[in-house]
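Participant: Quick one: structure below, then a few questions.
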Amino acid sequence: MKRDVLIIFFLAIFFGSQAQTLTVSVPTVTATVGQIVYIPVKLSGASSSGMPISGANIQITYDTAVLHYDTLTNFYSAMPQNQWFFGGQLGLVSANWLEPSLNTLAIPDNTVLYEIKFHYKGGNSPLTFTTVEFTDAQYNLIPTLTVNGAVNAPVVFRQVTFKVDMSKENITSSGVHIAGSFNNWNYAQTAMSLLPNSIYQVTLTLQENVAYQYRFVNGNTISGVETVPASCGVANGTGQYNRQITVPNHDTTYSAVCFSMCSHCPASVSVTFRVDMQNQTVSPNGVHLSGTFNNWNYAQTLMTSNGGTIYETTMTMDEGTYMEFRYANGITSQQSETVPAACSLNGNRYFTVPAHDTVMTAYCFGSCTACGTVAHYSHVTFRVDLITQHISPDGVHISGTFQGWNPAATPMINSVDSVFSYTDSLLTGTSVQYKFVNGNSTAGHETVPLACASNGNRTLLVPANDTILNLVCFSQCDSCVLTGIAEAGRNDFELGQNFPNPCSLVTNIGYHINREGTLNLMVYSPMGRVVAVLFNGPCKPGAYTLAFQTNSLPAGIYFYKMIFTGEAGTQLQSKKMIIQ
């Protein structure tokens with residue numbers, strides 16, 4: 001009898017080891033009609049030298065015309081089948097895992113977590129990750145890379161054009177190159193061609209749906225390799241980052257990025273600094289400007305009078321440049337102004353260069369306001385949604401220029417569900433920088449996306465009126481967007497209000513399931529800490545009631561949240577309970 005042959009092509013995407021990032025991958029498999037196909041789901045980066053995990057949510061799509069889902073099988077022994085909640089139908093395989101007793105587990109690199117069993121009908125089916133979420137001991141999301149595979153997918157190559165803007169660099173005589181996983185990181189092999197305006201480009205033939213990592217090189221040796229910012233890079237295990245692309249299903253040309261930056265090269269703009277000296281006796285040595293841009297040289301940048309008491313100087317700077325500075329009535333640090341805490345960071349004035357020419361307001365020397373004016377303060381309410389996070393048992397805080405960047409000093413109030421808020425009185429017209437903190441240490445600081453960050457922080461120009469800021473998602477620019485949210489108007493389940501409420505010894509939580517899926521029901525403390533896991537696993541349609549013993553919990557307000565994952569994606573509901 002003829003034996004079918006299973007051929008697996010694993011995709012290598014690393015340059016160096018991925019110590020801080022998990023990689024989940026499925027292979028490309030060749031099969032024959034009628035064959036049983038086993039697709040291994042592999043994990044790397046969660047070893048004892050990497051980042052042990054406490055929970056996982058993996059979803060993979062497939063073509064139902066090509067594959068018939070059977071089940072999951074051959075589970076990794078440290079993550080046995082009875083710890084997984086999984087199912088597959090209508091083109092989606094969903095598997096969820098939570099370490100028992102909420103502990104963490106270190107998993108060796110290239111471990112097969114489980115295999116997906118399919119019956120092959122014929123044709124080509126991509127195997128695409130739709131949701132991959134792993135959490136650490138504090139239930140924070142771990143950065144995760146995915147490598148998609150397929151069954152009987154033909155190898156297709158595409159023309160990919162890379163561009164880099166070298167206008168801010170002094171080009172070496174060896175020219176500009178690109179090095180990456182596609183050329184075995186050879187710094188001299190792939191030269192780029194010069195276009196107008198200091199743009200260099202090269203077109204490579206690369207395999208469709210394969211992830212490649214790369215960096216641009218000023219020259220042809222490792223010493224000329226760019227430094228890729230973490231915000232747009234992938235950790236490569238050396239403490240540095242690589243750029244990464246996954247080749248789409250068409251020829252593509254990527255926009256030019258600035259060498260060692262995430263986006264286009266910043267524009268050069270004029271910035272005019274101004275200070276009002278009407279309350280000062282001006283030094284015979286004149287008024288000077290010092291800051292990070294001139295290495296705090298108090299005698300280098302002389303300011304000139306406009307004929308009155310206002311002194312100014314204009315400098316050409318790059319858009320997006322963050323600076324700290326002070327004015328000096330003379331040429332020494334002892335003669336520099338003392339900037340009030342209400343408008344200072346590290347004791348200095350601070351500013352981020354916009355994309356247009358700017359003339360600064362002439363504040364009074366050593367003051368946050370114009371000379372002769374009275375300071376005005378506005379109440380500002382900051383709000384953040386942590387629905388995408390496992391909230392730290394130490395609570396949620398805010399840190400920023402207005403409170404000395406202390407991550408533990410300013411707790412936020414859990415106003416409703418996963419939303420936290422904080423109100424402060426801030427000086428009108430001043431610029432403040434801040435971050436939200438999941439916990440009470442710098443390790444819990446959010447990562448502010450480049451699109452809404454200045455110097456890596458959120459910024460606000462304090463308005464003249466009391467203001468409630470728009471609700472933003474932790475580590476996002478706008479409101480929270482969950483991967484795989486079901487279509488609007490569709491409810492695959494209904495979560496009822498607990499009864500009795502308030503309660504003292506026991507309360508009942510009812511819910512109704514309309515479709516098969518996986519369900520997670522947890523109870524959270526007022527600070528967002530998980531105090532009980534009531535259900536975590538597959539579910540079938542029907543009406544259910546769970547009894548929750550509350551006598552071991554302190555009196556107060558609690559929240560319970562249900563997350564349902566089904567064929568249409570992920571939905572959630574939460575409600576409040578009161579324990580007396």
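Residues in the structure tokens are numbered from 1 in each chain, the chains being A, B, ... in the order shown, and ligands are numbered from 1 in the order shown.
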Near segment 438-444 of chain A, counting only C-alpha atoms, which residues have an atom at most 6 Å away, once you skip same-chain residues fewer than 4 positions from it, shown as a short mmCIF file (atom, residue, chain, number, x, y, z; two decimals) with N, CA and C atoms, in the first residue's frame?
Facilitator:
```cif
data_model
loop_
_atom_site.label_atom_id
_atom_site.label_comp_id
_atom_site.auth_asym_id
_atom_site.auth_seq_id
_atom_site.Cartn_x
_atom_site.Cartn_y
_atom_site.Cartn_z
N SER A 392 -2.65 44.91 37.66
CA SER A 392 -1.74 44.58 38.75
C SER A 392 -2.46 44.62 40.10
N ASP A 394 -1.24 45.75 42.61
CA ASP A 394 -0.80 47.02 43.21
C ASP A 394 -1.60 48.21 42.69
N GLY A 395 -2.59 47.95 41.84
CA GLY A 395 -3.43 49.02 41.34
C GLY A 395 -2.87 49.72 40.12
N VAL A 396 -3.57 50.76 39.71
CA VAL A 396 -3.20 51.55 38.53
C VAL A 396 -2.83 52.95 38.99
N PRO A 407 6.10 56.55 40.10
CA PRO A 407 5.07 55.60 39.63
C PRO A 407 4.15 55.08 40.74
N ALA A 408 4.49 55.37 42.00
CA ALA A 408 3.69 54.84 43.10
C ALA A 408 2.94 55.92 43.87
#
```
Participant: Give me the residues near Met261 of chain A as an MDAnalysis selection string, where near means some atom within 10 Å (using only C-alpha atoms) and where sequence neighbours in that chain fewer than 3 positions away do not count.
Facilitator: chainID A and resid 164:165 226:233 257:258 264:266
Participant: Output C-alpha atoms for every residue in that selection, as a PDB file, in the first residue's frame.
Facilitator:
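Ended up saving to selection.pdb:
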```pdb
ATOM      1  CA  VAL A 164      15.780  54.341   3.239  1.00  0.00           C
ATOM      2  CA  ASP A 165      16.273  58.093   3.613  1.00  0.00           C
ATOM      3  CA  GLU A 226      21.557  51.319  11.959  1.00  0.00           C
ATOM      4  CA  THR A 227      20.082  51.301  15.468  1.00  0.00           C
ATOM      5  CA  VAL A 228      16.399  50.414  15.095  1.00  0.00           C
ATOM      6  CA  PRO A 229      14.118  51.934  17.774  1.00  0.00           C
ATOM      7  CA  ALA A 230      12.277  49.448  19.973  1.00  0.00           C
ATOM      8  CA  SER A 231       8.925  51.011  19.027  1.00  0.00           C
ATOM      9  CA  CYS A 232       9.196  49.702  15.458  1.00  0.00           C
ATOM     10  CA  GLY A 233      11.591  46.811  15.903  1.00  0.00           C
ATOM     11  CA  VAL A 257      12.057  55.415   6.407  1.00  0.00           C
ATOM     12  CA  CYS A 258      14.771  57.496   7.951  1.00  0.00           C
ATOM     13  CA  HIS A 264      10.161  59.522   7.538  1.00  0.00           C
ATOM     14  CA  CYS A 265      13.080  61.804   8.265  1.00  0.00           C
ATOM     15  CA  PRO A 266      12.002  64.804  10.331  1.00  0.00           C
TER      16      PRO A 266
END
```
Participant: With only C-alpha atoms as the counted atoms, please give the residues lying no more than 6 Å from segment 240-254 of chain A, apart from itself and same-chain residues fewer than 4 positions off, as a list in words.
Facilitator: Arg158, Gln159, Val160, Thr161, Phe162, Glu208, Asn209, Val210, Ala211, Tyr212, Gln213, Tyr214, Arg215, Val228, Gly233, Val234, Ala235 and Asn236 of chain A
Participant: Could those residues be written to a file, using N, CA and C atoms, as a PDB file, in the first residue's frame?
Facilitator:
```pdb
ATOM      1  N   ARG A 158       7.515  37.261  -4.420  1.00  0.00           N
ATOM      2  CA  ARG A 158       7.059  38.613  -4.746  1.00  0.00           C
ATOM      3  C   ARG A 158       8.249  39.555  -4.813  1.00  0.00           C
ATOM      4  N   GLN A 159       8.064  40.636  -5.567  1.00  0.00           N
ATOM      5  CA  GLN A 159       9.081  41.683  -5.655  1.00  0.00           C
ATOM      6  C   GLN A 159       8.830  42.703  -4.546  1.00  0.00           C
ATOM      7  N   VAL A 160       9.806  42.841  -3.665  1.00  0.00           N
ATOM      8  CA  VAL A 160       9.673  43.735  -2.517  1.00  0.00           C
ATOM      9  C   VAL A 160      10.750  44.818  -2.610  1.00  0.00           C
ATOM     10  N   THR A 161      10.320  46.079  -2.590  1.00  0.00           N
ATOM     11  CA  THR A 161      11.252  47.207  -2.713  1.00  0.00           C
ATOM     12  C   THR A 161      11.376  47.906  -1.368  1.00  0.00           C
ATOM     13  N   PHE A 162      12.622  48.002  -0.892  1.00  0.00           N
ATOM     14  CA  PHE A 162      12.939  48.689   0.359  1.00  0.00           C
ATOM     15  C   PHE A 162      13.542  50.050   0.043  1.00  0.00           C
ATOM     16  N   GLU A 208       6.418  34.847  -0.512  1.00  0.00           N
ATOM     17  CA  GLU A 208       5.150  35.341   0.022  1.00  0.00           C
ATOM     18  C   GLU A 208       4.823  34.681   1.360  1.00  0.00           C
ATOM     19  N   ASN A 209       4.282  35.499   2.282  1.00  0.00           N
ATOM     20  CA  ASN A 209       3.827  35.062   3.609  1.00  0.00           C
ATOM     21  C   ASN A 209       4.954  34.669   4.554  1.00  0.00           C
ATOM     22  N   VAL A 210       6.194  34.948   4.169  1.00  0.00           N
ATOM     23  CA  VAL A 210       7.329  34.661   5.044  1.00  0.00           C
ATOM     24  C   VAL A 210       7.743  35.949   5.740  1.00  0.00           C
ATOM     25  N   ALA A 211       8.078  35.840   7.029  1.00  0.00           N
ATOM     26  CA  ALA A 211       8.552  36.995   7.786  1.00  0.00           C
ATOM     27  C   ALA A 211      10.067  37.108   7.648  1.00  0.00           C
ATOM     28  N   TYR A 212      10.546  38.307   7.349  1.00  0.00           N
ATOM     29  CA  TYR A 212      11.976  38.586   7.227  1.00  0.00           C
ATOM     30  C   TYR A 212      12.340  39.722   8.170  1.00  0.00           C
ATOM     31  N   GLN A 213      13.525  39.623   8.760  1.00  0.00           N
ATOM     32  CA  GLN A 213      14.065  40.707   9.578  1.00  0.00           C
ATOM     33  C   GLN A 213      15.273  41.301   8.861  1.00  0.00           C
ATOM     34  N   TYR A 214      15.507  42.615   9.088  1.00  0.00           N
ATOM     35  CA  TYR A 214      16.570  43.291   8.347  1.00  0.00           C
ATOM     36  C   TYR A 214      16.934  44.594   9.019  1.00  0.00           C
ATOM     37  N   ARG A 215      18.069  45.172   8.578  1.00  0.00           N
ATOM     38  CA  ARG A 215      18.478  46.515   8.966  1.00  0.00           C
ATOM     39  C   ARG A 215      19.250  47.136   7.816  1.00  0.00           C
ATOM     40  N   VAL A 228      17.856  50.375  15.298  1.00  0.00           N
ATOM     41  CA  VAL A 228      16.399  50.414  15.095  1.00  0.00           C
ATOM     42  C   VAL A 228      15.710  50.668  16.429  1.00  0.00           C
ATOM     43  N   GLY A 233      10.685  47.915  16.148  1.00  0.00           N
ATOM     44  CA  GLY A 233      11.591  46.811  15.903  1.00  0.00           C
ATOM     45  C   GLY A 233      11.194  45.551  16.638  1.00  0.00           C
ATOM     46  N   VAL A 234      11.926  44.488  16.335  1.00  0.00           N
ATOM     47  CA  VAL A 234      11.745  43.186  16.961  1.00  0.00           C
ATOM     48  C   VAL A 234      13.036  42.838  17.677  1.00  0.00           C
ATOM     49  N   ALA A 235      12.948  42.495  18.962  1.00  0.00           N
ATOM     50  CA  ALA A 235      14.141  42.172  19.737  1.00  0.00           C
ATOM     51  C   ALA A 235      14.892  41.007  19.091  1.00  0.00           C
ATOM     52  N   ASN A 236      16.225  41.141  18.988  1.00  0.00           N
ATOM     53  CA  ASN A 236      17.010  40.082  18.344  1.00  0.00           C
ATOM     54  C   ASN A 236      17.903  39.331  19.321  1.00  0.00           C
TER      55      ASN A 236
END
```
Participant: Could you tell me which of A:Val419, A:Leu427, A:Cys503, A:Leu92 comes closest to Gln549 of chain A if we count only C-alpha atoms?
Facilitator: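 Using only C-alpha atoms, Gln549 of chain A sits closest to A:Cys503.
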Participant: What lies within 7 Å of Tyr62 of chain A using only C-alpha atoms, ignoring chain neighbours under 6 positions off, as a CSV table (one decimal) with C-alpha atoms, in the first residue's frame?
Facilitator:
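Writing the result to result.csv gives the following:
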```
chain,number,residue,atom,x,y,z
A,91,GLY,CA,-12.9,27.9,9.8
A,92,LEU,CA,-11.5,28.8,13.2
A,125,SER,CA,-5.5,26.4,2.8
A,126,PRO,CA,-3.6,29.1,4.6
A,127,LEU,CA,-3.2,28.6,8.4
```
Participant: Pick out the residues sitting within 10 Å of Phe351 of chain A, and hand them over as a JSON list (two decimals) with C-alpha atoms, in the first residue's frame; count only C-alpha atoms, and ignore anything fewer than 3 positions along from it in its own chain.
Facilitator:
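The file below, selection_22.json, is the result:
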```json
[["chain", "number", "residue", "atom", "x", "y", "z"],
["A", 320, "GLY", "CA", 10.02, 65.74, 16.76],
["A", 321, "THR", "CA", 13.20, 66.60, 18.67],
["A", 322, "TYR", "CA", 12.68, 66.64, 22.42],
["A", 323, "MET", "CA", 14.75, 69.16, 24.39],
["A", 324, "GLU", "CA", 15.18, 70.57, 27.86],
["A", 325, "PHE", "CA", 16.49, 74.10, 28.34],
["A", 348, "ASN", "CA", 14.23, 72.55, 33.21],
["A", 354, "PRO", "CA", 6.50, 70.45, 15.95],
["A", 360, "MET", "CA", 7.54, 80.46, 21.66],
["A", 431, "SER", "CA", 2.80, 71.46, 28.79],
["A", 432, "VAL", "CA", 2.80, 68.26, 30.84],
["A", 454, "SER", "CA", 6.56, 62.90, 22.59],
["A", 455, "ASN", "CA", 9.84, 61.76, 24.12]]
```
Participant: Need the shell around Gln89 of chain A: protein/DNA/RNA residues with any atom at most 8 Å away, counting only C-alpha atoms. Skip same-chain ones fewer than 3 positions apart. Format as a short mmCIF file (atom, residue, chain, number, x, y, z; two decimals) with N, CA and C atoms, in the first residue's frame?
Facilitator:
```
data_model
loop_
_atom_site.label_atom_id
_atom_site.label_comp_id
_atom_site.auth_asym_id
_atom_site.auth_seq_id
_atom_site.Cartn_x
_atom_site.Cartn_y
_atom_site.Cartn_z
N TYR A 69 -11.81 20.00 10.34
CA TYR A 69 -11.22 19.96 11.68
C TYR A 69 -11.69 18.74 12.43
N LEU A 92 -12.32 28.26 12.16
CA LEU A 92 -11.54 28.83 13.25
C LEU A 92 -11.27 27.77 14.31
N VAL A 93 -9.97 27.58 14.65
CA VAL A 93 -9.59 26.75 15.78
C VAL A 93 -9.16 27.69 16.90
N GLU A 567 -17.29 31.60 16.98
CA GLU A 567 -16.98 31.66 15.55
C GLU A 567 -16.89 33.09 15.03
#
```
Participant: My list of candidates is A:Leu72, A:Val282, A:Ala409, A:Asp276. Which is closest to Thr361 of chain A when distances are computed with only C-alpha atoms?
Facilitator: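 Comparing A:Leu72, A:Val282, A:Ala409, A:Asp276 against Thr361 of chain A, the winner is A:Asp276.
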Participant: Which residues are close to segment 137-144 of chain A, i.e. within 9 Å by only C-alpha atoms, leaving aside same-chain residues fewer than 3 positions away? Reply as a ChimeraX atom specification.
Facilitator: /A:20-24,51-55,102-104,132-134,388-393,438,444
Participant: Which distance in Å separates atom CA of Asn218 of chain A and atom CA of Gly175 of chain A, to one decimal?
Facilitator: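 If I compute the distance from atom CA of Asn218 of chain A to atom CA of Gly175 of chain A, I get 6.6 Å.
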Participant: Among segment 6-209 of chain A, which residues carry a DSSP assignment of helix (DSSP H, G or I), reported as a PyMOL selection string?
Facilitator: chain A and resi 81-83+100-102+181-183+196-198
Participant: For each of A:Ser421, A:Thr272, A:Ser336, A:Asn414, take the minimum atom-to-atom distance to Thr358 of chain A, counting only C-alpha atoms, then give the residue where this is smallest.
Facilitator: A:Thr272
Participant: Enumerate as an mmCIF file with C-alpha atoms, in the first residue's frame all residues of segment 207-435 of chain A assigned to strand (DSSP E) by DSSP on the backbone, naming them with the chain letters and numbers the document uses.
Facilitator:
```cif
data_model
loop_
_atom_site.group_PDB
_atom_site.id
_atom_site.type_symbol
_atom_site.label_atom_id
_atom_site.label_comp_id
_atom_site.auth_asym_id
_atom_site.auth_seq_id
_atom_site.Cartn_x
_atom_site.Cartn_y
_atom_site.Cartn_z
ATOM 1 C CA GLN A 207 8.783 34.419 -0.564
ATOM 2 C CA ALA A 211 8.552 36.995 7.786
ATOM 3 C CA TYR A 212 11.976 38.586 7.227
ATOM 4 C CA GLN A 213 14.065 40.707 9.578
ATOM 5 C CA TYR A 214 16.570 43.291 8.347
ATOM 6 C CA ARG A 215 18.478 46.515 8.966
ATOM 7 C CA PHE A 216 19.998 49.187 6.743
ATOM 8 C CA VAL A 217 23.772 49.678 6.704
ATOM 9 C CA ASN A 218 25.734 52.907 6.158
ATOM 10 C CA VAL A 234 11.745 43.186 16.961
ATOM 11 C CA ALA A 235 14.141 42.172 19.737
ATOM 12 C CA TYR A 241 16.177 45.450 17.452
ATOM 13 C CA ASN A 242 15.631 44.499 13.810
ATOM 14 C CA ARG A 243 13.043 45.762 11.367
ATOM 15 C CA GLN A 244 10.583 43.083 10.217
ATOM 16 C CA ILE A 245 8.139 42.608 7.352
ATOM 17 C CA THR A 246 5.896 39.737 6.282
ATOM 18 C CA THR A 252 5.025 45.884 -2.848
ATOM 19 C CA THR A 253 7.136 49.004 -2.343
ATOM 20 C CA VAL A 257 12.057 55.415 6.407
ATOM 21 C CA CYS A 258 14.771 57.496 7.951
ATOM 22 C CA SER A 268 14.018 70.994 9.631
ATOM 23 C CA VAL A 269 12.037 73.853 11.169
ATOM 24 C CA SER A 270 12.810 77.196 12.782
ATOM 25 C CA VAL A 271 12.224 77.517 16.527
ATOM 26 C CA THR A 272 12.365 80.959 18.123
ATOM 27 C CA PHE A 273 13.030 80.960 21.868
ATOM 28 C CA ARG A 274 11.868 84.070 23.770
ATOM 29 C CA VAL A 275 12.147 85.268 27.369
ATOM 30 C CA ASP A 276 10.931 88.448 29.073
ATOM 31 C CA VAL A 287 21.156 86.753 28.077
ATOM 32 C CA HIS A 288 21.899 83.229 26.868
ATOM 33 C CA LEU A 289 20.045 80.017 26.066
ATOM 34 C CA SER A 290 21.406 76.637 27.163
ATOM 35 C CA GLY A 291 20.013 73.151 26.887
ATOM 36 C CA THR A 301 23.931 80.779 22.404
ATOM 37 C CA LEU A 302 23.485 84.540 22.842
ATOM 38 C CA MET A 303 19.967 85.972 22.730
ATOM 39 C CA THR A 304 19.289 89.459 21.333
ATOM 40 C CA SER A 305 16.828 92.131 22.473
ATOM 41 C CA ILE A 310 12.110 90.489 25.395
ATOM 42 C CA TYR A 311 15.206 88.563 24.272
ATOM 43 C CA GLU A 312 15.087 85.924 21.559
ATOM 44 C CA THR A 313 17.127 83.608 19.372
ATOM 45 C CA THR A 314 16.136 81.376 16.441
ATOM 46 C CA MET A 315 17.545 77.896 15.849
ATOM 47 C CA THR A 316 17.005 75.274 13.121
ATOM 48 C CA MET A 317 15.913 71.961 14.619
ATOM 49 C CA ASP A 318 14.498 68.641 13.481
ATOM 50 C CA TYR A 322 12.680 66.640 22.416
ATOM 51 C CA MET A 323 14.750 69.160 24.392
ATOM 52 C CA GLU A 324 15.180 70.566 27.865
ATOM 53 C CA PHE A 325 16.488 74.104 28.336
ATOM 54 C CA ARG A 326 16.863 77.145 30.582
ATOM 55 C CA TYR A 327 17.549 80.829 30.114
ATOM 56 C CA ALA A 328 20.635 82.372 31.757
ATOM 57 C CA ASN A 329 21.124 85.977 32.796
ATOM 58 C CA ARG A 349 11.807 73.919 30.681
ATOM 59 C CA TYR A 350 11.025 71.308 28.011
ATOM 60 C CA PHE A 351 9.701 71.297 24.459
ATOM 61 C CA THR A 352 9.123 68.945 21.518
ATOM 62 C CA THR A 358 7.374 77.993 15.907
ATOM 63 C CA VAL A 359 7.706 81.194 17.924
ATOM 64 C CA TYR A 363 7.448 83.858 29.606
ATOM 65 C CA CYS A 364 8.946 85.858 32.411
ATOM 66 C CA TYR A 377 -5.130 76.526 37.223
ATOM 67 C CA SER A 378 -7.534 74.072 35.578
ATOM 68 C CA HIS A 379 -8.855 70.760 36.819
ATOM 69 C CA VAL A 380 -7.833 67.995 34.387
ATOM 70 C CA THR A 381 -9.231 64.458 34.602
ATOM 71 C CA PHE A 382 -7.077 61.726 33.055
ATOM 72 C CA ARG A 383 -8.782 58.458 32.066
ATOM 73 C CA VAL A 384 -7.439 55.096 30.920
ATOM 74 C CA ASP A 385 -9.060 51.774 30.027
ATOM 75 C CA VAL A 396 -3.204 51.547 38.532
ATOM 76 C CA HIS A 397 -1.262 54.813 38.832
ATOM 77 C CA ILE A 398 -0.311 57.836 36.738
ATOM 78 C CA SER A 399 3.149 59.409 36.699
ATOM 79 C CA GLY A 400 4.340 62.537 34.952
ATOM 80 C CA ILE A 413 -9.635 55.435 40.913
ATOM 81 C CA ASN A 414 -11.435 52.444 39.387
ATOM 82 C CA SER A 415 -14.558 54.326 38.295
ATOM 83 C CA VAL A 416 -16.309 51.592 36.279
ATOM 84 C CA VAL A 419 -11.713 52.284 33.506
ATOM 85 C CA PHE A 420 -9.486 54.259 35.892
ATOM 86 C CA SER A 421 -9.385 58.038 36.395
ATOM 87 C CA TYR A 422 -7.427 60.750 38.219
ATOM 88 C CA THR A 423 -8.058 64.500 38.557
ATOM 89 C CA ASP A 424 -5.408 67.138 39.281
ATOM 90 C CA SER A 425 -5.163 70.940 39.283
ATOM 91 C CA LEU A 426 -2.610 72.013 36.671
ATOM 92 C CA LEU A 427 -1.260 75.388 35.565
ATOM 93 C CA SER A 431 2.796 71.461 28.795
ATOM 94 C CA VAL A 432 2.804 68.259 30.838
ATOM 95 C CA GLN A 433 4.042 64.790 29.982
ATOM 96 C CA TYR A 434 2.717 61.616 31.577
ATOM 97 C CA LYS A 435 2.239 57.858 31.398
#
```
